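Q: My file is work02.cif. It has mmCIF, C-alpha atoms:
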data_upload
#
loop_
_atom_site.label_atom_id
_atom_site.label_comp_id
_atom_site.auth_asym_id
_atom_site.auth_seq_id
_atom_site.Cartn_x
_atom_site.Cartn_y
_atom_site.Cartn_z
CA MET A 1 70.61 93.12 25.66
CA LYS A 2 68.12 91.03 27.61
CA CYS A 3 65.52 92.63 29.90
CA SER A 4 67.06 90.88 32.94
CA GLN A 5 70.39 92.60 32.21
CA ILE A 6 68.71 95.95 31.65
CA THR A 7 66.73 95.89 34.92
CA LYS A 8 69.99 95.35 36.83
CA MET A 9 71.33 98.54 35.22
CA ILE A 10 68.33 100.75 36.04
CA SER A 11 69.61 101.87 39.43
CA ARG A 12 73.03 102.81 38.03
CA TYR A 13 71.37 104.59 35.09
CA VAL A 14 69.34 106.70 37.55
CA ASP A 15 72.60 107.59 39.32
CA ASP A 16 74.29 108.30 35.98
CA ASP A 17 76.91 105.67 36.71
CA LEU A 18 76.85 103.83 33.36
CA GLY A 19 79.74 104.08 30.93
CA PRO A 20 79.03 105.69 27.52
CA GLU A 21 78.63 102.36 25.73
CA GLU A 22 76.48 100.83 28.49
CA LYS A 23 74.34 103.95 28.52
CA ARG A 24 73.84 103.86 24.75
CA LEU A 25 72.77 100.20 24.80
CA PHE A 26 70.53 100.82 27.80
CA GLU A 27 68.73 103.76 26.16
CA LEU A 28 68.39 101.83 22.92
CA HIS A 29 66.66 99.00 24.78
CA ILE A 30 64.43 101.31 26.80
CA GLN A 31 63.11 102.97 23.64
CA ASP A 32 61.78 99.66 22.34
CA CYS A 33 60.83 97.86 25.61
CA SER A 34 57.79 99.26 27.41
CA GLY A 35 58.21 96.84 30.35
CA CYS A 36 61.74 98.01 31.15
CA ARG A 37 60.74 101.61 30.48
CA HIS A 38 57.92 101.32 32.99
CA GLU A 39 60.28 99.86 35.58
CA LEU A 40 62.78 102.66 34.98
CA GLU A 41 60.04 105.24 35.50
CA GLU A 42 59.05 103.65 38.80
CA VAL A 43 62.61 103.45 40.11
CA ARG A 44 63.10 107.05 39.07
CA ALA A 45 59.90 107.98 40.90
CA VAL A 46 61.25 106.31 44.07
CA HIS A 47 64.47 108.28 43.63
CA GLU A 48 62.51 111.52 43.24
CA LEU A 49 60.35 110.63 46.22
CA PHE A 50 63.50 110.48 48.34
CA ALA A 51 64.68 113.75 46.89
CA SER A 52 61.48 115.50 47.98
CA ALA A 53 61.30 113.79 51.38
CA GLU A 54 61.72 115.89 54.49
CA ARG A 55 65.22 116.44 55.84
CA PHE A 56 65.34 116.49 59.61
CA PRO A 57 67.66 118.92 61.37
CA ALA A 58 68.88 117.85 64.81
CA PRO A 59 66.44 118.92 67.56
CA TYR A 60 67.07 122.14 69.43
CA GLY A 61 69.68 121.74 72.17
CA PHE A 62 71.05 118.50 70.73
CA THR A 63 74.74 119.44 71.12
CA THR A 64 74.19 120.72 74.65
CA ARG A 65 72.62 117.41 75.60
CA VAL A 66 75.50 115.46 74.06
CA MET A 67 78.00 117.51 76.07
CA ALA A 68 75.94 117.09 79.27
CA ASN A 69 75.78 113.32 78.72
CA LEU A 70 79.54 113.27 78.20
CA GLU A 71 80.11 114.94 81.55
CA ALA A 72 77.69 112.56 83.23
CA LYS A 73 79.41 109.56 81.69
CA GLU A 74 82.94 110.83 82.18
CA PRO A 75 84.30 108.67 85.01
CA SER A 76 86.18 110.30 87.91
CA TRP A 77 89.97 110.01 87.96
CA LEU A 78 89.72 107.61 90.89
CA TRP A 79 87.32 105.37 88.98
CA GLN A 80 89.58 105.54 85.91
CA LEU A 81 92.52 104.36 88.00
CA PHE A 82 90.52 101.41 89.25
CA THR A 83 88.86 100.41 86.00
CA LEU A 84 91.30 101.33 83.27
CA ARG A 85 94.57 100.40 84.95
CA PRO A 86 94.65 96.84 86.25
CA PHE A 87 98.36 97.06 87.02
CA PHE A 88 97.80 100.11 89.15
CA LEU A 89 95.00 98.30 90.93
CA ARG A 90 97.22 95.27 91.57
CA ALA A 91 99.99 97.50 92.91
CA VAL A 92 97.51 99.19 95.25
CA GLU A 93 96.34 95.79 96.47
CA VAL A 94 99.85 94.60 97.21
CA ALA A 95 100.80 97.86 98.92
CA PHE A 96 97.65 97.74 101.00
CA ALA A 97 98.31 94.15 102.05
CA LEU A 98 101.91 95.02 103.01
CA ILE A 99 100.80 98.03 105.04
CA ILE A 100 98.25 95.91 106.90
CA MET A 101 100.92 93.28 107.64
CA ILE A 102 103.44 95.86 108.89
CA ILE A 103 100.83 97.56 111.04
CA GLY A 104 99.91 94.11 112.37
CA VAL A 105 103.46 93.21 113.31
CA PHE A 106 104.17 96.54 114.99
CA SER A 107 100.92 96.82 116.86
CA GLY A 108 101.32 93.18 117.91
CA ASN A 109 104.73 93.98 119.36
CA LEU A 110 103.36 96.99 121.16
CA LEU A 111 100.51 95.00 122.63
CA VAL A 112 102.82 92.23 123.77
CA ALA A 113 105.26 94.71 125.34
CA ASP A 114 102.47 96.58 127.02
CA ARG A 115 100.91 93.45 128.38
CA THR A 116 104.26 92.27 129.89
CA SER A 117 104.77 95.49 131.75
CA LYS A 118 101.18 95.54 132.89
CA THR A 119 101.46 91.92 134.01
CA GLN A 120 104.56 92.75 136.01
CA ALA A 121 102.79 95.64 137.68
CA VAL A 122 99.80 93.48 138.49
CA GLN A 123 102.03 90.72 139.76
CA ALA A 124 103.81 93.21 142.01
CA THR A 125 100.52 94.46 143.40
CA VAL A 126 99.29 90.94 143.96
CA GLN A 127 102.53 89.98 145.67
CA GLU A 128 102.27 93.06 147.81
CA SER A 129 98.66 92.34 148.72
CA PHE A 130 99.58 88.84 149.72
CA SER A 131 102.60 90.01 151.62
CA LEU A 132 102.54 88.99 155.24
CA ASP A 133 103.78 92.49 156.01
CA LEU A 134 100.23 93.73 155.52
CA PHE A 135 99.11 91.52 158.36
CA GLN A 136 101.77 92.64 160.78
CA ALA A 137 100.19 94.51 163.67
CA THR A 138 102.62 97.30 163.22
CA PRO A 139 104.39 97.35 159.86
CA PRO A 140 107.84 98.92 160.28
CA ASP A 141 107.07 101.91 157.99
CA SER A 142 103.76 102.79 159.67
CA VAL A 143 103.33 105.21 162.60
CA GLY A 144 102.74 102.26 164.91
CA GLY A 145 105.90 100.59 163.71
CA ALA A 146 107.92 103.75 164.33
CA TYR A 147 106.44 104.00 167.77
CA VAL A 148 107.26 100.41 168.57
CA ARG A 149 110.78 100.99 167.29
CA LEU A 150 111.10 104.06 169.52
CA MET A 151 109.86 102.29 172.61
CA GLY A 152 112.46 99.65 172.00
CA ALA A 153 111.83 96.36 170.36
CA GLY A 154 113.64 94.59 173.11
CA ASP A 155 110.72 95.16 175.54
CA GLU A 156 108.52 92.73 173.69
CA ARG A 157 110.92 89.98 174.13
CA MET B 158 77.58 129.18 60.39
CA ALA B 159 81.14 128.48 59.33
CA PHE B 160 82.96 125.73 61.16
CA PRO B 161 86.68 125.06 61.27
CA ASP B 162 87.95 122.10 59.24
CA ASP B 163 87.58 118.65 60.76
CA PRO B 164 91.35 118.02 61.02
CA ASP B 165 91.77 121.29 62.96
CA LEU B 166 88.98 120.35 65.35
CA ILE B 167 90.38 116.84 65.80
CA ASN B 168 93.87 118.16 66.54
CA ARG B 169 92.49 120.61 69.08
CA PHE B 170 90.49 117.81 70.67
CA LYS B 171 93.56 115.57 70.84
CA ASP B 172 95.37 118.43 72.59
CA GLY B 173 92.71 118.30 75.28
CA ASP B 174 90.32 121.02 74.06
CA VAL B 175 86.84 119.64 74.80
CA SER B 176 85.16 122.65 73.17
CA ALA B 177 86.58 121.43 69.84
CA PHE B 178 84.47 118.32 70.24
CA GLU B 179 81.43 120.47 70.93
CA GLU B 180 82.01 122.32 67.66
CA LEU B 181 82.42 119.02 65.91
CA VAL B 182 79.05 117.79 67.20
CA ARG B 183 77.41 121.05 66.17
CA LYS B 184 78.91 120.73 62.71
CA HIS B 185 77.78 117.16 62.05
CA GLN B 186 74.64 116.85 64.17
CA ASP B 187 72.15 117.50 61.34
CA ARG B 188 73.57 114.91 58.94
CA ILE B 189 73.86 112.28 61.65
CA TYR B 190 70.43 112.95 63.13
CA ASN B 191 68.82 112.93 59.67
CA LEU B 192 70.46 109.59 58.90
CA CYS B 193 69.21 108.18 62.20
CA ARG B 194 65.67 109.44 61.49
CA TYR B 195 65.54 107.29 58.37
CA MET B 196 67.37 104.32 59.88
CA VAL B 197 65.31 103.76 63.05
CA GLN B 198 61.67 103.67 63.97
CA ASP B 199 60.79 107.10 65.38
CA ALA B 200 62.01 110.55 66.36
CA GLN B 201 62.83 109.71 69.98
CA GLU B 202 64.76 106.62 69.00
CA ALA B 203 66.60 108.62 66.35
CA GLN B 204 67.58 111.21 68.92
CA ASP B 205 68.83 108.55 71.34
CA ALA B 206 70.77 106.84 68.56
CA ALA B 207 72.32 110.12 67.37
CA GLN B 208 73.34 110.95 70.95
CA ASP B 209 74.96 107.53 71.22
CA VAL B 210 76.83 108.09 67.97
CA PHE B 211 78.58 111.17 69.37
CA LEU B 212 79.23 109.57 72.75
CA LYS B 213 80.91 106.65 70.98
CA ALA B 214 82.80 109.06 68.73
CA TYR B 215 84.08 110.93 71.80
CA GLY B 216 85.39 107.66 73.23
CA SER B 217 87.38 106.70 70.16
CA LEU B 218 88.21 110.02 68.49
CA LYS B 219 91.70 110.03 70.04
CA ALA B 220 92.46 106.89 68.03
CA PHE B 221 91.02 108.36 64.83
CA ARG B 222 93.47 108.41 61.93
CA PRO B 223 93.72 111.91 60.45
CA ASP B 224 94.02 110.58 56.89
CA ALA B 225 90.49 109.14 57.06
CA SER B 226 87.40 111.26 56.49
CA LEU B 227 85.63 112.18 59.70
CA TYR B 228 82.10 112.23 58.39
CA THR B 229 82.58 108.81 56.74
CA TRP B 230 83.76 107.55 60.10
CA LEU B 231 80.80 109.18 61.88
CA TYR B 232 78.39 107.71 59.34
CA ARG B 233 79.84 104.27 59.99
CA ILE B 234 79.31 104.63 63.73
CA ALA B 235 75.80 105.93 63.04
CA VAL B 236 74.83 103.06 60.74
CA ASN B 237 76.12 100.47 63.22
CA THR B 238 74.43 102.20 66.16
CA CYS B 239 71.10 102.37 64.33
CA LEU B 240 71.30 98.74 63.28
CA ASP B 241 71.99 97.80 66.91
CA TYR B 242 68.97 99.82 68.00
CA ARG B 243 66.82 98.00 65.49
CA ARG B 244 68.11 94.61 66.60
CA LYS B 245 67.41 95.46 70.23
CA ALA B 246 63.99 96.87 69.47
CA ARG B 247 62.85 93.77 67.64
CA PRO B 248 64.41 90.93 65.73
CA GLU B 249 64.85 91.34 61.98
CA GLN B 250 61.48 91.29 60.34
CA THR B 251 60.41 88.47 58.17
CA GLU B 252 59.59 89.49 54.66
CA ASP B 253 55.90 90.15 54.38
CA GLU B 254 53.56 92.31 52.42
CA SER B 255 52.12 94.16 55.39
CA VAL B 256 53.74 97.44 54.34
CA ILE B 257 51.00 97.94 51.80
CA ASP B 258 48.38 97.72 54.56
CA ASP B 259 50.46 99.96 56.82
CA LEU B 260 50.82 102.50 54.06
CA ALA B 261 47.16 102.34 53.17
CA SER B 262 46.28 103.11 56.80
CA THR B 263 48.29 106.33 56.65
CA GLU B 264 47.00 107.30 53.24
CA PRO B 265 47.37 111.08 52.98
CA SER B 266 44.78 113.26 51.33
CA PRO B 267 45.55 114.19 47.67
CA GLU B 268 46.57 117.75 48.47
CA GLN B 269 49.00 116.52 51.10
CA HIS B 270 50.30 113.75 48.92
CA TYR B 271 53.39 115.52 47.73
CA GLN B 272 54.17 117.30 50.92
CA SER B 273 57.62 116.39 52.04
CA LYS B 274 56.48 115.44 55.53
CA GLU B 275 54.05 112.85 54.25
CA ILE B 276 56.58 111.57 51.78
CA GLY B 277 59.13 111.36 54.56
CA GLN B 278 56.75 109.27 56.67
CA THR B 279 55.86 107.02 53.76
CA ILE B 280 59.50 106.41 52.97
CA GLN B 281 60.39 105.81 56.61
CA LEU B 282 57.68 103.21 56.87
CA ALA B 283 58.78 101.44 53.69
CA LEU B 284 62.46 101.57 54.73
CA GLN B 285 61.67 99.70 57.93
CA LYS B 286 60.61 96.75 55.80
CA LEU B 287 63.96 96.47 54.03
CA PRO B 288 66.71 94.10 55.13
CA GLU B 289 69.14 96.18 57.21
CA GLN B 290 72.09 96.20 54.79
CA LEU B 291 69.89 97.35 51.92
CA ARG B 292 68.33 100.02 54.12
CA ALA B 293 71.72 101.40 55.16
CA ALA B 294 72.97 101.54 51.57
CA VAL B 295 69.90 103.23 50.12
CA VAL B 296 69.57 105.76 52.96
CA LEU B 297 73.20 106.80 52.55
CA LYS B 298 72.64 107.19 48.80
CA GLU B 299 69.19 108.79 48.65
CA ILE B 300 68.97 110.68 51.93
CA GLU B 301 72.58 111.60 52.60
CA ASP B 302 73.52 111.84 48.92
CA LEU B 303 76.84 110.03 49.32
CA SER B 304 78.72 108.62 46.33
CA TYR B 305 79.12 104.87 45.79
CA GLU B 306 82.76 105.20 46.91
CA GLU B 307 81.83 106.97 50.13
CA ILE B 308 79.10 104.44 50.91
CA ALA B 309 81.58 101.61 50.33
CA LYS B 310 83.89 103.21 52.90
CA VAL B 311 81.09 103.73 55.42
CA LEU B 312 79.80 100.17 55.07
CA ASP B 313 83.32 98.76 54.73
CA THR B 314 82.49 96.84 51.59
CA SER B 315 83.23 96.93 47.85
CA ILE B 316 81.75 99.46 45.45
CA GLY B 317 80.22 96.59 43.47
CA THR B 318 78.38 95.38 46.57
CA VAL B 319 77.14 98.91 47.24
CA LYS B 320 75.76 99.27 43.71
CA SER B 321 74.05 95.92 43.96
CA ARG B 322 72.54 96.71 47.39
CA ILE B 323 71.21 100.07 46.23
CA SER B 324 69.75 98.49 43.13
CA ARG B 325 68.03 95.77 45.18
CA ALA B 326 66.82 98.29 47.74
CA ARG B 327 65.28 100.49 45.03
CA GLU B 328 63.66 97.49 43.43
CA GLU B 329 62.23 96.46 46.79
CA LEU B 330 61.03 100.00 47.56
CA ARG B 331 59.49 100.25 44.12
CA ARG B 332 57.51 97.12 44.89
CA LEU B 333 56.55 98.33 48.39
CA LEU B 334 55.61 101.83 47.27
CA GLN B 335 53.86 100.86 44.07
CA LYS B 336 50.54 102.10 45.37
CA LYS B 337 52.03 105.37 46.52
CA VAL B 338 54.14 106.44 43.58
#
Could you show the structure in this file as structure tokens?
A:
Amino acid sequence: MKCSQITKMISRYVDDDLGPEEKRLFELHIQDCSGCRHELEEVRAVHELFASAERFPAPYGFTTRVMANLEAKEPSWLWQLFTLRPFFLRAVEVAFALIIMIIGVFSGNLLVADRTSKTQAVQATVQESFSLDLFQATPPDSVGGAYVRLMGAGDER
Amino acid sequence: MAFPDDPDLINRFKDGDVSAFEELVRKHQDRIYNLCRYMVQDAQEAQDAAQDVFLKAYGSLKAFRPDASLYTWLYRIAVNTCLDYRRKARPEQTEDESVIDDLASTEPSPEQHYQSKEIGQTIQLALQKLPEQLRAAVVLKEIEDLSYEEIAKVLDTSIGTVKSRISRAREELRRLLQKKV
């Protein structure tokens, strides 16, 4: 086997992943080739370096923080309705528009009806205020009018 | 501390038991955090990334298929999250030889040389110089001690590709760490 083939097998040899025949040929080559042997030793040293490297446990309170972040990020049910359910949102929009229109129609009717009755009342008052009866010296339903009626209207003539 | 099996926890979670998720985080936090420590730049970033991993997991755990392995799935989220962090932090580094200078500047004293902390730092520094796919493969192999098959599942690639990436990563690390080993 050529050195270029052997160097490609070094990593798998370190992991004990070579088949029996591959392994035999590899070891045969390594015995005679100092260059490949040196490279194998270095790769093995890297592997051992990793093995002796520190392993980091999660910091204290890690899980508690994850759970707290979850609660903070958990959207409210109202927000979920608005963000996660477009059909629901559309339905709400349509319903809202309909309600506004119905309220508009009804309140419009009420206003119109109200205004008519008010107008009639105002008109009546205005008519009354312009009535010539107000300018009669003795309107028939006043005390003076009653008196005049008692004394006999005929006298005036 | 003994934890219930993953499928049990997942089923409880799917039934609406949030405390099952809490147990799940507690069970896997060390492996995921350790992976993040070797995948990103520093401890704070690793903690943020690991937090993100579990937040993402929470969001999609309901859709998780019970026939798949949970920790493989978590590792996949973790690798992708860490790679995203790296991309956001700075664009992929161009290949240069500066690691040797960086390493020389943190040269430990001889008595400290083999202390795991120093070795951890040295390795972390060298890992940051690797292309991201090589880094992910070699960290899963050397730090998390996964098999080629498991790594292939995590990285969603073939076993052949995994073997080749690990081989290239080791070769690259050998070159980068030559002065240290």
Q: Give as a list in words the residues that the PyMOL selection byres ((chain B and resi 320) around 10) matches when applied to the coordinates above.
A: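 Applied to this file, the PyMOL selection byres ((chain B and resi 320) around 10) selects Lys8, Met9, Ser11, Arg12, Asp15 and Asp17 of chain A; Ala294, Val295, Lys298, Tyr305, Glu306, Ile308, Ala309, Ser315, Ile316, Gly317, Thr318, Val319, Ser321, Arg322, Ile323, Ser324, Arg325 and Ala326 of chain B.
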Q: Could you write those residues out with C-alpha atoms, as a tab-separated table (two decimals), in the coordinates of the input?
A:
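Result file result09.tsv:
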chain	number	residue	atom	x	y	z
A	8	LYS	CA	69.99	95.35	36.83
A	9	MET	CA	71.33	98.54	35.22
A	11	SER	CA	69.61	101.87	39.43
A	12	ARG	CA	73.03	102.81	38.03
A	15	ASP	CA	72.60	107.59	39.32
A	17	ASP	CA	76.91	105.67	36.71
B	294	ALA	CA	72.97	101.54	51.57
B	295	VAL	CA	69.90	103.23	50.12
B	298	LYS	CA	72.64	107.19	48.80
B	305	TYR	CA	79.12	104.87	45.79
B	306	GLU	CA	82.76	105.20	46.91
B	308	ILE	CA	79.10	104.44	50.91
B	309	ALA	CA	81.58	101.61	50.33
B	315	SER	CA	83.23	96.93	47.85
B	316	ILE	CA	81.75	99.46	45.45
B	317	GLY	CA	80.22	96.59	43.47
B	318	THR	CA	78.38	95.38	46.57
B	319	VAL	CA	77.14	98.91	47.24
B	321	SER	CA	74.05	95.92	43.96
B	322	ARG	CA	72.54	96.71	47.39
B	323	ILE	CA	71.21	100.07	46.23
B	324	SER	CA	69.75	98.49	43.13
B	325	ARG	CA	68.03	95.77	45.18
B	326	ALA	CA	66.82	98.29	47.74
Q: Report, in Å to a single decimal, how far apart atom CA of Tyr190 of chain B and atom CA of Phe221 of chain B are.
A: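 Going from atom CA of Phe221 of chain B over to atom CA of Tyr190 of chain B, I get 21.2 Å.
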Q: List as CSV every residue of chain A that is in contact with chain B, defined as an atom at most 10 Å from one of its atoms (using all atoms listed in the file), together with the nearest atom pair and the distance in Å rounded to one decimal, sorted by chain and then rising number.
A:
residue,atom,partner,partner_atom,distance
A:Thr7,CA,B:Ser324,CA,9.1
A:Lys8,CA,B:Ser324,CA,7.0
A:Met9,CA,B:Ser324,CA,8.1
A:Ile10,CA,B:Ser324,CA,7.6
A:Ser11,CA,B:Ser324,CA,5.0
A:Arg12,CA,B:Lys320,CA,7.2
A:Val14,CA,B:Ser324,CA,9.9
A:Asp15,CA,B:Ser304,CA,9.4
A:Asp17,CA,B:Tyr305,CA,9.4
A:Glu39,CA,B:Arg331,CA,8.6
A:Leu40,CA,B:Glu328,CA,9.9
A:Glu41,CA,B:Arg331,CA,10.0
A:Glu42,CA,B:Arg331,CA,6.3
A:Val43,CA,B:Arg331,CA,6.0
A:Arg44,CA,B:Arg327,CA,9.1
A:Ala45,CA,B:Val338,CA,6.5
A:Val46,CA,B:Arg331,CA,6.3
A:His47,CA,B:Glu299,CA,6.9
A:Glu48,CA,B:Glu299,CA,9.0
A:Leu49,CA,B:Ile276,CA,6.8
A:Phe50,CA,B:Glu299,CA,5.9
A:Ala51,CA,B:Glu299,CA,6.9
A:Ser52,CA,B:Ser273,CA,5.7
A:Ala53,CA,B:Gly277,CA,4.6
A:Glu54,CA,B:Ser273,CA,4.8
A:Arg55,CA,B:Asn191,CA,6.3
A:Phe56,CA,B:Asn191,CA,5.0
A:Pro57,CA,B:Asp187,CA,4.7
A:Ala58,CA,B:Asp187,CA,4.8
A:Pro59,CA,B:Gln204,CA,7.9
A:Gly61,CA,B:Arg183,CA,9.8
A:Phe62,CA,B:Gln186,CA,7.7
A:Thr63,CA,B:Arg183,CA,5.9
A:Thr64,CA,B:Glu179,CA,8.1
A:Arg65,CA,B:Gln208,CA,8.0
A:Val66,CA,B:Gln208,CA,5.9
A:Met67,CA,B:Glu179,CA,6.9
A:Asn69,CA,B:Leu212,CA,7.8
A:Leu70,CA,B:Leu212,CA,6.6
A:Lys73,CA,B:Leu212,CA,8.9
A:Glu74,CA,B:Gly216,CA,9.8
Q: Record the distance separating atom CA of Pro288 of chain B and atom CA of Leu240 of chain B, expressed in Å with one decimal.
A: 10.4 Å
Q: Rounded to one decimal, what separation in Å do you get between atom CA of Met196 of chain B and atom CA of Asn237 of chain B?
A: 10.1 Å
Q: List the spatial neighbours of Asp163 of chain B as a list in words - criterion: any atom at most 12 Å away, all atoms listed in the file, same-chain residues fewer than 3 positions off excluded.
A: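 Those residues are Ala159, Phe160, Leu166, Ile167, Asn168, Arg169, Phe170, Ala177, Phe178, Glu180, Leu181, Val182, Arg183, Lys184, His185, Leu218, Phe221, Arg222, Pro223, Asp224, Ala225, Ser226, Leu227, Tyr228, Thr229, Trp230 and Leu231 of chain B.
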Q: Might I get the box with edges along x, y and z of the file that holds all atoms of segment 101-104 of chain A listed there, padded by 3 Å on every side, given as centre and edge lengths in Å to one decimal, as lines of an AutoDock Vina configuration file?
A:
center_x = 101.7
center_y = 95.4
center_z = 110.0
size_x = 9.5
size_y = 10.3
size_z = 10.7
